[in-house]
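Novice: Please read through the structure below; I'll follow up with questions.
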Amino acid sequence: MITKRIVLHFPHRLADQPIVYKLVKDYDLEFNILKAYIAPEKGGLLVLELSGEDKNYEQGIQYLKRIGVKVQALSQDIIRNDRRCSHCSVCVPICPAGAFLVEPLTREVHFDDSKCIACGVCVKACPLRAMEVRF
Amino acid sequence: MAKTIKEINEKIKKGEAVVVTAEEIIDIVEKQGVKKAAQKVDVVTTGTFGPMCSSGAYFNIGHAKPKIKLGGGRAYLNDVPVYAGFAAVDVYIGATALPDDDPRNKVFPGEFRYGGGHAIEDLVAGKDLKLAATAYGTDCYPRKELETLINIKDLNEAVLFNPRNSYQNYNVAVNLSDRVIYTYMGTLKPNLGNANYCSAGQLSPLLNDPCYKSIGIGTRIFLGGGVGYVVWQGTQHNPSVPRKENGTPCAPAGALAVLGDLKQMRPEWLAGTSMQGYGTTLTVGIGIPIPILNEEICQYTAVKDDDIYTQIVDYSEAYPQGKKGSLGEVDYAQLKSGKIVTQGKEVPTGNLSSYPKAVEIANILKEWIKKGDFLLSEPVAYLPGPDTGYTFNPLKERPVQK
């Protein structure tokens, strides 16, 4: 069993096709939509948590790539600018997914991108604007 | 035996001074006792790195040819309005100033991406900034318009001058309402969703000298990565608030006005800051050395997070309406544990002030002193203390006859 958070970029030509439906029917994958939008004439973006048997998951991802969907790990698109972050910790209680943790000894704030759900709340709540969402 | 600042400076010059941070002194006093610690340690360094809105910088741009008098006219730095009500070419930029065309909170909550604090950071970082000005023209200053790039290296004087920094203790902000609120204490989730505080606690300068026995007017400090001075008590200085036996106030109390050469400073210690729905500000790094002149001063510096208390305040109603009343008192050890309990609810905490950066500042200052690069200064006057009756008064609003 595997669960991953991924970002899918759909080219314009695929906007009218039932792609997520096929992930469920043909590859037996579970999905949870974290974020989605379609820009007219430009294609779409879908942030998904995708779960299933390892083999099915791999085949599902291959299917997406084959038809022209760009697949990226969510962690590649949520970035903390470490030069900007002061480790103040005001983001810690704001994050609904508990992706920020304070290391008790040094008081440094660790960002666990595997927990991030890309809601973007931290981006504007960070006083030094150290968090970036790049999709 | 009591020491003098002069004696400590002699040791610093010889490279013999014993300098520790306000974190390190806690253990030393606990293990060796205050008497021995006061004999052994010469200087304790403190630090803080948090948003401080009452900050700004003045600078002199030099005279253009033909000359222009900005005084009485209007001037902008990277579109941020600067105060030009001085002589011909002096201006002051405040941390919270915003470009005229910034949407502010028209689309709520506003983002406040760029303001005075960011312009100060860019200036310190050595970037070119656009200065635009209009004036009315006089016989001696005939020019009416100016648009030019400026750079800190070409300015005559560039001085950070902050009327209120380094607050001695601050509120814990919570939200009792049922909607998200956006404050200078950060985003506060409804129904006690989070509790934000803003202090370095046991490392904070004025919490280590709670009764202002060593920090006074003329004290030389680490300011924004360079050397600065305490020049006055900060605006809203309020030493008369209730205090614990260890001298620390249980609510916002003292504050410092500080000044220093902006050209020496660094952008990592003066950071432009955006508070969603509130505005822009400047996050300022300050470190203050405390000379261990006697056992009393040494004991003050050994203060721990567990011994420093502050008040939990509702920012949805009590704070904006100026209503007195605290939802309870907590200590900084509880705040740093990541959660506090108030109104029967466990509430997660966040700090607006960076403790790791405060540690870094205290260590930088320690190294400066140990190397002999930074001598301590004797205050020329002391700040109004807890027994002076000096206090912070609200505005007395009076009707204006029309």
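The chains in the structure tokens are called A, B, ... from first to last as shown; in each chain the residues are counted from 1, and the ligands are counted from 1 in the order shown.
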I want to know what sits within 6 Å of Phe222 in chain B, based on only C-alpha atoms, with residues of the same chain fewer than 6 positions away left out; could you give that as a list in words?

Specialist: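 Near neighbours after the sequence-gap exclusion: Gly228, Ile286 and Gly287 of chain B.
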
Novice: Set the cut-off to 6 Å and count only C-alpha atoms: what are the residues of chain B that reach chain A? Output as a PyMOL selection string.

Specialist: chain B and resi 194+273-275+348+350-354

Novice: Write the residues of the selection above to a file with N, CA and C atoms, as a compact mmCIF listing (two decimals), in the first residue's frame.

Specialist:
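Final file, result_2.txt:
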```
# COMPACT_ATOMS: atom_id res chain seq x y z
N ASN B 194 -5.57 29.41 18.45
CA ASN B 194 -4.13 29.50 18.69
C ASN B 194 -3.85 30.66 19.65
N THR B 273 8.82 43.02 6.99
CA THR B 273 7.87 42.03 7.52
C THR B 273 6.45 42.41 7.10
N SER B 274 5.65 41.39 6.76
CA SER B 274 4.27 41.61 6.33
C SER B 274 3.32 40.88 7.27
N MET B 275 2.46 41.62 7.93
CA MET B 275 1.47 40.98 8.79
C MET B 275 0.13 41.02 8.05
N PRO B 348 -2.83 25.71 21.20
CA PRO B 348 -1.44 25.65 20.72
C PRO B 348 -0.83 27.05 20.60
N GLY B 350 2.30 29.91 19.36
CA GLY B 350 3.32 30.26 18.37
C GLY B 350 3.99 31.55 18.82
N ASN B 351 5.29 31.68 18.52
CA ASN B 351 6.03 32.88 18.93
C ASN B 351 6.32 33.72 17.69
N LEU B 352 6.08 35.01 17.77
CA LEU B 352 6.42 35.90 16.65
C LEU B 352 7.89 36.31 16.70
N SER B 353 8.49 36.11 17.85
CA SER B 353 9.88 36.50 18.06
C SER B 353 10.73 35.24 17.96
N SER B 354 11.81 35.30 17.19
CA SER B 354 12.59 34.08 16.94
C SER B 354 13.58 33.81 18.07
```

Novice: Based on the backbone DSSP call, show me all residues of range 36-107 of chain A assigned strand (DSSP E or B), as an MDAnalysis selection string.

Specialist: chainID A and resid 36:39 43:52 70:73 78:80 89 100:102

Novice: At what distance in Å, to one decimal, does CA of Val174 in chain B lie from CA of Glu317 in chain B?

Specialist: 10.2 Å

Novice: For a quick check of understanding, using only C-alpha atoms, which of A:Arg134, A:Lys42, A:Lys65, A:His110 has the smallest distance to Ile19 in chain A?

Specialist: A:Lys65

Novice: Name the residues in contact with Tyr57 in chain A at a cut-off of 10 Å, using only C-alpha atoms, excluding same-chain residues fewer than 5 positions from it; report them as an mmCIF file with C-alpha atoms, in the first residue's frame.

Specialist:
```cif
data_model
loop_
_atom_site.group_PDB
_atom_site.id
_atom_site.type_symbol
_atom_site.label_atom_id
_atom_site.label_comp_id
_atom_site.auth_asym_id
_atom_site.auth_seq_id
_atom_site.Cartn_x
_atom_site.Cartn_y
_atom_site.Cartn_z
ATOM 1 C CA MET A 1 0.000 0.000 0.000
ATOM 2 C CA ILE A 2 1.303 3.424 -0.913
ATOM 3 C CA THR A 3 -0.021 6.951 -0.258
ATOM 4 C CA LYS A 4 1.487 10.010 -1.890
ATOM 5 C CA LEU A 23 -7.550 6.085 -11.891
ATOM 6 C CA TYR A 27 -6.191 1.114 -11.359
ATOM 7 C CA ASP A 28 -8.230 0.748 -8.165
ATOM 8 C CA LEU A 29 -6.746 3.872 -6.575
ATOM 9 C CA GLU A 30 -8.287 6.004 -3.843
ATOM 10 C CA LEU A 50 -3.440 9.123 -4.051
ATOM 11 C CA SER A 51 -3.447 5.694 -2.356
ATOM 12 C CA GLY A 52 -3.411 2.113 -3.568
ATOM 13 C CA GLN A 62 2.409 5.682 -15.843
ATOM 14 C CA TYR A 63 -1.074 6.101 -17.347
#
```
